[in-house]
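Q: Got a file for you: my_file.cif, mmCIF, C-alpha atoms.
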data_query
loop_
_atom_site.label_atom_id
_atom_site.label_comp_id
_atom_site.auth_asym_id
_atom_site.auth_seq_id
_atom_site.Cartn_x
_atom_site.Cartn_y
_atom_site.Cartn_z
CA ILE B 1 -1.54 46.53 25.99
CA ASN B 2 -0.73 48.40 22.80
CA GLN B 3 2.91 47.37 23.09
CA HIS B 4 1.94 43.72 23.42
CA LEU B 5 -0.40 44.03 20.43
CA ILE B 6 2.41 45.56 18.35
CA GLN B 7 4.78 42.78 19.40
CA PHE B 8 2.17 40.17 18.52
CA GLN B 9 1.55 41.82 15.15
CA ASP B 10 5.29 41.93 14.43
CA PHE B 11 5.59 38.26 15.38
CA MET B 12 2.69 37.26 13.12
CA ASN B 13 4.09 39.28 10.21
CA LEU B 14 7.48 37.66 10.67
CA PHE B 15 5.97 34.19 11.08
CA ILE B 16 3.53 34.34 8.18
CA LEU B 17 5.49 36.41 5.67
CA ASN B 18 9.05 35.27 6.30
CA SER B 19 8.69 31.73 7.60
CA SER B 20 8.15 28.70 5.38
CA ILE B 21 6.29 27.06 8.26
CA GLY B 22 3.98 30.06 8.50
CA ARG B 23 3.33 30.02 4.77
CA LYS B 24 2.53 26.30 4.85
CA LEU B 25 0.15 26.91 7.75
CA VAL B 26 -1.69 29.60 5.79
CA MET B 27 -1.83 27.25 2.78
CA SER B 28 -3.23 24.49 5.00
CA ILE B 29 -5.94 26.64 6.61
CA THR B 30 -7.11 28.18 3.33
CA GLY B 31 -6.94 24.77 1.64
CA LEU B 32 -9.14 23.12 4.27
CA PHE B 33 -11.55 26.04 4.02
CA LEU B 34 -11.82 25.53 0.26
CA ILE B 35 -12.38 21.79 0.79
CA LEU B 36 -15.33 22.60 3.07
CA PHE B 37 -16.78 24.84 0.37
CA LEU B 38 -16.35 22.13 -2.27
CA THR B 39 -18.12 19.68 0.03
CA PHE B 40 -21.10 22.02 0.36
CA HIS B 41 -21.10 22.71 -3.38
CA MET B 42 -21.01 18.99 -4.21
CA CYS B 43 -23.92 18.23 -1.86
CA MET B 44 -25.86 21.10 -3.39
CA ASN B 45 -25.22 19.80 -6.91
CA LEU B 46 -26.45 16.32 -5.99
CA VAL B 47 -29.83 17.87 -5.15
CA SER B 48 -30.24 18.75 -8.83
CA LEU B 49 -30.36 15.02 -9.67
CA PHE B 50 -33.53 14.57 -7.62
CA SER B 51 -35.38 17.86 -7.89
CA ALA B 52 -34.74 20.81 -10.21
CA GLU B 53 -37.23 22.89 -8.22
CA THR B 54 -35.44 22.30 -4.92
CA TYR B 55 -32.08 23.03 -6.51
CA ASN B 56 -33.41 26.29 -7.94
CA MET B 57 -34.77 27.20 -4.51
CA ILE B 58 -31.26 26.80 -3.11
CA CYS B 59 -29.91 28.95 -5.95
CA GLU B 60 -32.46 31.62 -5.11
CA PHE B 61 -31.50 31.47 -1.43
CA LEU B 62 -27.84 31.83 -2.41
CA GLY B 63 -28.43 34.64 -4.90
CA ALA B 64 -27.23 38.21 -4.50
CA ASN B 65 -28.18 38.31 -0.82
CA TRP B 66 -25.85 39.88 1.73
CA TYR B 67 -24.88 36.56 3.32
CA ALA B 68 -24.14 35.00 -0.07
CA LEU B 69 -22.10 38.02 -1.11
CA VAL B 70 -20.12 37.92 2.13
CA GLY B 71 -19.52 34.21 1.62
CA THR B 72 -18.43 34.81 -1.98
CA ALA B 73 -16.02 37.54 -0.86
CA ILE B 74 -14.52 35.29 1.83
CA LEU B 75 -14.23 32.41 -0.63
CA ALA B 76 -12.55 34.65 -3.20
CA ALA B 77 -10.13 35.98 -0.59
CA GLY B 78 -9.30 32.46 0.59
CA SER B 79 -8.71 31.30 -2.98
CA ILE B 80 -6.45 34.26 -3.79
CA ILE B 81 -4.42 33.81 -0.60
CA HIS B 82 -4.10 30.07 -1.29
CA ILE B 83 -2.87 30.70 -4.84
CA ILE B 84 -0.42 33.46 -3.82
CA TYR B 85 1.13 31.37 -1.07
CA ALA B 86 1.32 28.36 -3.40
CA LEU B 87 3.35 30.45 -5.84
CA ILE B 88 5.58 31.79 -3.05
CA LEU B 89 6.29 28.31 -1.71
CA SER B 90 6.96 26.92 -5.20
CA ILE B 91 9.45 29.70 -5.96
CA GLN B 92 11.02 29.23 -2.54
CA ASN B 93 11.40 25.48 -3.11
CA ARG B 94 12.93 25.98 -6.56
CA LYS B 95 15.46 28.44 -5.16
CA ALA B 96 16.29 26.07 -2.31
CA ARG B 97 16.97 23.20 -4.74
CA GLY B 98 19.04 25.40 -7.05
CA ASN B 99 20.81 23.47 -9.79
CA ASP B 100 20.07 20.16 -8.06
CA ARG B 101 16.72 19.94 -9.83
CA TYR B 102 18.54 19.49 -13.15
CA GLU B 103 20.80 16.71 -11.89
CA VAL B 104 18.06 14.16 -11.27
CA THR B 105 15.89 12.97 -14.12
CA SER B 106 13.76 10.49 -12.19
CA ARG B 107 11.72 11.43 -9.16
CA PRO B 108 12.47 9.77 -5.82
CA LYS B 109 10.26 6.78 -5.07
CA SER B 110 9.38 8.28 -1.70
CA VAL B 111 7.89 11.38 -3.32
CA GLU B 112 4.45 11.09 -4.86
CA TRP B 113 3.69 12.40 -8.33
CA ALA B 114 1.00 14.72 -6.96
CA SER B 115 3.43 16.17 -4.42
CA GLN B 116 5.88 17.15 -7.15
CA ASN B 117 3.19 18.60 -9.41
CA MET B 118 0.92 20.44 -6.98
CA LEU B 119 1.52 23.79 -8.70
CA ALA B 120 0.73 22.38 -12.17
CA LEU B 121 -2.38 20.68 -10.79
CA GLY B 122 -3.35 23.94 -9.13
CA VAL B 123 -3.06 25.79 -12.45
CA VAL B 124 -5.41 23.25 -14.08
CA VAL B 125 -7.87 23.64 -11.20
CA LEU B 126 -7.62 27.44 -11.50
CA ALA B 127 -8.42 27.25 -15.23
CA PHE B 128 -11.35 24.98 -14.37
CA LEU B 129 -12.56 27.54 -11.81
CA ALA B 130 -12.50 30.29 -14.44
CA LEU B 131 -14.53 28.08 -16.81
CA HIS B 132 -16.97 27.23 -14.04
CA LEU B 133 -17.44 30.91 -13.15
CA TYR B 134 -18.16 31.65 -16.80
CA HIS B 135 -20.76 28.90 -17.10
CA PHE B 136 -22.61 29.58 -13.85
CA TRP B 137 -21.63 32.53 -11.64
CA ALA B 138 -21.41 35.00 -14.54
CA LYS B 139 -24.93 34.06 -15.65
CA MET B 140 -26.50 34.03 -12.21
CA GLN B 141 -25.13 36.02 -9.28
CA LEU B 142 -23.18 38.44 -11.48
CA VAL B 143 -26.33 39.26 -13.46
CA GLU B 144 -28.17 39.94 -10.20
CA LEU B 145 -25.38 42.25 -9.09
CA GLN B 146 -25.53 44.10 -12.40
CA TYR B 147 -29.28 44.50 -12.00
CA MET B 148 -28.83 45.82 -8.45
CA ALA B 149 -26.30 48.31 -9.81
CA GLY B 150 -28.92 49.65 -12.24
CA ALA B 151 -27.92 47.82 -15.42
CA ASN B 152 -30.60 46.85 -17.92
CA VAL B 153 -30.21 43.06 -17.81
CA ASP B 154 -32.59 40.11 -18.02
CA THR B 155 -32.94 38.51 -14.56
CA SER B 156 -35.57 35.90 -15.46
CA MET B 157 -33.04 33.04 -15.43
CA VAL B 158 -30.72 34.04 -12.60
CA THR B 159 -32.09 31.41 -10.20
CA ASN B 160 -32.62 28.64 -12.75
CA GLY B 161 -29.45 26.76 -11.91
CA ALA B 162 -30.87 23.45 -13.11
CA TYR B 163 -31.25 24.91 -16.60
CA TYR B 164 -27.61 26.02 -16.71
CA ILE B 165 -26.43 22.61 -15.49
CA GLN B 166 -28.41 20.89 -18.24
CA GLN B 167 -27.24 23.40 -20.85
CA THR B 168 -23.58 23.15 -19.86
CA PHE B 169 -23.37 19.37 -19.62
CA SER B 170 -25.35 18.62 -22.75
CA ASN B 171 -22.20 19.77 -24.55
CA PRO B 172 -19.70 16.88 -24.76
CA VAL B 173 -16.75 19.30 -24.93
CA ASN B 174 -17.71 20.77 -21.56
CA VAL B 175 -18.18 17.28 -20.15
CA VAL B 176 -14.66 16.24 -21.18
CA LEU B 177 -13.09 19.48 -19.91
CA TYR B 178 -14.83 19.21 -16.55
CA LEU B 179 -13.92 15.54 -16.10
CA ILE B 180 -10.27 16.27 -16.90
CA ALA B 181 -10.33 19.13 -14.40
CA LEU B 182 -11.91 16.85 -11.79
CA CYS B 183 -9.06 14.38 -12.25
CA ALA B 184 -6.58 17.18 -11.54
CA LEU B 185 -8.72 18.23 -8.57
CA TRP B 186 -8.62 14.67 -7.21
CA PHE B 187 -4.83 14.55 -7.27
CA HIS B 188 -4.63 18.04 -5.77
CA LEU B 189 -7.07 17.22 -2.98
CA SER B 190 -5.81 13.72 -2.20
CA HIS B 191 -2.35 15.13 -1.53
CA GLY B 192 -3.44 18.51 -0.16
CA PHE B 193 -5.79 17.08 2.47
CA TRP B 194 -3.23 15.07 4.41
CA SER B 195 -0.47 17.57 3.67
CA ALA B 196 -2.54 20.32 5.28
CA LEU B 197 -3.19 18.28 8.41
CA GLN B 198 0.47 17.31 8.54
CA SER B 199 1.48 20.98 8.40
CA MET B 200 -0.92 21.65 11.26
CA GLY B 201 0.84 19.09 13.45
CA LEU B 202 -0.95 15.80 12.77
CA ASP B 203 2.16 14.01 11.56
CA ASN B 204 2.92 11.20 13.98
CA LYS B 205 3.47 7.70 12.61
CA THR B 206 0.20 6.35 14.00
CA TRP B 207 -2.03 8.93 12.32
CA PHE B 208 -0.04 9.72 9.18
CA ASN B 209 -1.19 6.72 7.10
CA ARG B 210 -4.72 6.98 8.48
CA VAL B 211 -5.03 10.64 7.55
CA LYS B 212 -3.50 9.93 4.15
CA ASN B 213 -6.06 7.20 3.44
CA ILE B 214 -8.91 9.35 4.76
CA GLY B 215 -7.78 12.11 2.40
CA ILE B 216 -7.81 9.76 -0.59
CA VAL B 217 -11.29 8.43 0.30
CA TYR B 218 -12.64 11.93 0.94
CA ALA B 219 -11.22 13.28 -2.33
CA THR B 220 -12.69 10.32 -4.20
CA ILE B 221 -16.17 10.86 -2.73
CA LEU B 222 -16.00 14.61 -3.33
CA VAL B 223 -14.82 14.41 -6.93
CA GLY B 224 -17.09 11.43 -7.58
CA GLY B 225 -20.11 13.46 -6.48
CA PHE B 226 -19.31 16.20 -8.98
CA ALA B 227 -18.62 13.67 -11.74
CA ILE B 228 -21.93 11.85 -11.17
CA VAL B 229 -23.87 15.07 -11.75
CA ILE B 230 -21.95 15.85 -14.94
CA ILE B 231 -22.36 12.35 -16.39
CA ALA B 232 -26.02 12.08 -15.35
CA PHE B 233 -27.00 15.34 -17.04
CA PHE B 234 -25.02 14.40 -20.16
CA ILE B 235 -26.82 11.06 -20.39
CA LYS B 236 -30.11 12.85 -19.80
CA SER B 237 -29.38 15.20 -22.73
CA LEU B 238 -28.79 12.17 -25.00
CA CYS B 239 -32.08 10.59 -23.99
CA CYS B 240 -34.18 13.69 -24.54
#
How does this structure look as structure tokens?
A:
Amino acid sequence: INQHLIQFQDFMNLFILNSSIGRKLVMSITGLFLILFLTFHMCMNLVSLFSAETYNMICEFLGANWYALVGTAILAAGSIIHIIYALILSIQNRKARGNDRYEVTSRPKSVEWASQNMLALGVVVLAFLALHLYHFWAKMQLVELQYMAGANVDTSMVTNGAYYIQQTFSNPVNVVLYLIALCALWFHLSHGFWSALQSMGLDNKTWFNRVKNIGIVYATILVGGFAIVIIAFFIKSLCC
């Protein structure tokens, strides 16, 4: 049994670390996992439009509890793996093209703009994530963790997510930055969704266009949900 386990481990290491197919599979799995998280996060944010109290109750439930911390750790690990493998694949693709990438000034018509700029889009999304963590996570769950570690911090606002949404999106600069980031996220998701399923084997002619269209619709709904919250709270700040 141990010998079979060692052989399996060697095969997985070879497949995942040294195979472009394996790397794409890891990218696909982690990407779909992150899409599921974004879906949950978007649905949660929509609650804030109808009831600040209910939204804050959800924030309290997802505070520095063990299940939330485990989920945060898994999400962070998935994000890091996704980013690392994206960099590896991009470097691998550049090496494979060699000097050819300098010989063509116009992109092929068969290749979408998002496909050629996934890394750049990913960098914009990563910068957006850092900004988002600063505006929300650092003021909520991180403060709770500091308090649990014995730090002398004010925890009176750690579950008042509705307040932080209103505060963040009453600033027009933040609104513009978030909307720009959401545009990049839309391009990244609309391509990444069907690309992930294609890498996992769903690439026959019958389903390819269907999956591609589903990905575009899903990305539009997902990004649209986030944008609605941002715009609604900005308009609310102008009316108050």
Q: Mind giving me the straight-line distance from CA of Ile180 in chain B to CA of Ala130 in chain B in Å, one decimal?
A: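 CA of Ile180 in chain B sits 14.4 Å away from CA of Ala130 in chain B.
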Q: Could you check the closest approach to Val176 in chain B for each of B:Phe61, B:Phe128, B:Phe193, B:Phe136 and tell me which residue wins, using all atoms listed in the file?
A: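 The shortest atom-to-atom distance to Val176 in chain B comes from B:Phe128.
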Q: Show which residues sit within 12 Å of Tyr178 in chain B, as JSON, numbers by chain. Count only C-alpha atoms, and ignore same-chain residues fewer than 4 positions away.
A: {"B": [124, 125, 127, 128, 129, 130, 131, 132, 135, 168, 169, 171, 172, 173, 174, 182, 183, 184, 185, 223, 226, 227, 228, 229, 230, 231, 234]}
Q: Pick from B:Ser170, B:Asn152, B:Ser48, B:Gln146: nearest to Gly225 in chain B, with all atoms listed in the file counted?
A: B:Ser48
Q: So, counting only C-alpha atoms, which residue among B:Leu238, B:Leu49, B:Val217, B:Leu145 is closest to Ala68 in chain B?
A: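 Residue with the minimum atom-to-atom distance to Ala68 in chain B: B:Leu145.
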Q: Would you mind putting N, CA and C atoms back on range 174-188 of chain B and writing the result as a CSV table (one decimal), keeping the file's coordinate frame?
A:
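Result file result-v5.csv:
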chain,number,residue,atom,x,y,z
B,174,ASN,N,-17.7,20.3,-23.0
B,174,ASN,CA,-17.7,20.8,-21.6
B,174,ASN,C,-17.6,19.6,-20.6
B,175,VAL,N,-18.2,18.5,-21.0
B,175,VAL,CA,-18.2,17.3,-20.2
B,175,VAL,C,-16.7,16.8,-20.0
B,176,VAL,N,-16.1,16.7,-21.2
B,176,VAL,CA,-14.7,16.2,-21.2
B,176,VAL,C,-13.8,17.2,-20.4
B,177,LEU,N,-13.9,18.5,-20.6
B,177,LEU,CA,-13.1,19.5,-19.9
B,177,LEU,C,-13.3,19.4,-18.4
B,178,TYR,N,-14.5,19.3,-18.0
B,178,TYR,CA,-14.8,19.2,-16.6
B,178,TYR,C,-14.3,17.9,-15.9
B,179,LEU,N,-14.4,16.8,-16.6
B,179,LEU,CA,-13.9,15.5,-16.1
B,179,LEU,C,-12.4,15.5,-16.0
B,180,ILE,N,-11.7,16.1,-17.0
B,180,ILE,CA,-10.3,16.3,-16.9
B,180,ILE,C,-9.9,17.1,-15.7
B,181,ALA,N,-10.6,18.2,-15.5
B,181,ALA,CA,-10.3,19.1,-14.4
B,181,ALA,C,-10.6,18.4,-13.1
B,182,LEU,N,-11.6,17.6,-13.0
B,182,LEU,CA,-11.9,16.8,-11.8
B,182,LEU,C,-10.8,15.8,-11.5
B,183,CYS,N,-10.2,15.3,-12.5
B,183,CYS,CA,-9.1,14.4,-12.2
B,183,CYS,C,-7.9,15.1,-11.6
B,184,ALA,N,-7.6,16.3,-12.1
B,184,ALA,CA,-6.6,17.2,-11.5
B,184,ALA,C,-7.0,17.6,-10.1
B,185,LEU,N,-8.2,17.9,-9.9
B,185,LEU,CA,-8.7,18.2,-8.6
B,185,LEU,C,-8.5,17.1,-7.6
B,186,TRP,N,-8.8,15.8,-8.1
B,186,TRP,CA,-8.6,14.7,-7.2
B,186,TRP,C,-7.2,14.5,-6.7
B,187,PHE,N,-6.2,14.6,-7.6
B,187,PHE,CA,-4.8,14.6,-7.3
B,187,PHE,C,-4.4,15.7,-6.3
B,188,HIS,N,-4.9,16.9,-6.6
B,188,HIS,CA,-4.6,18.0,-5.8
B,188,HIS,C,-5.2,17.9,-4.4
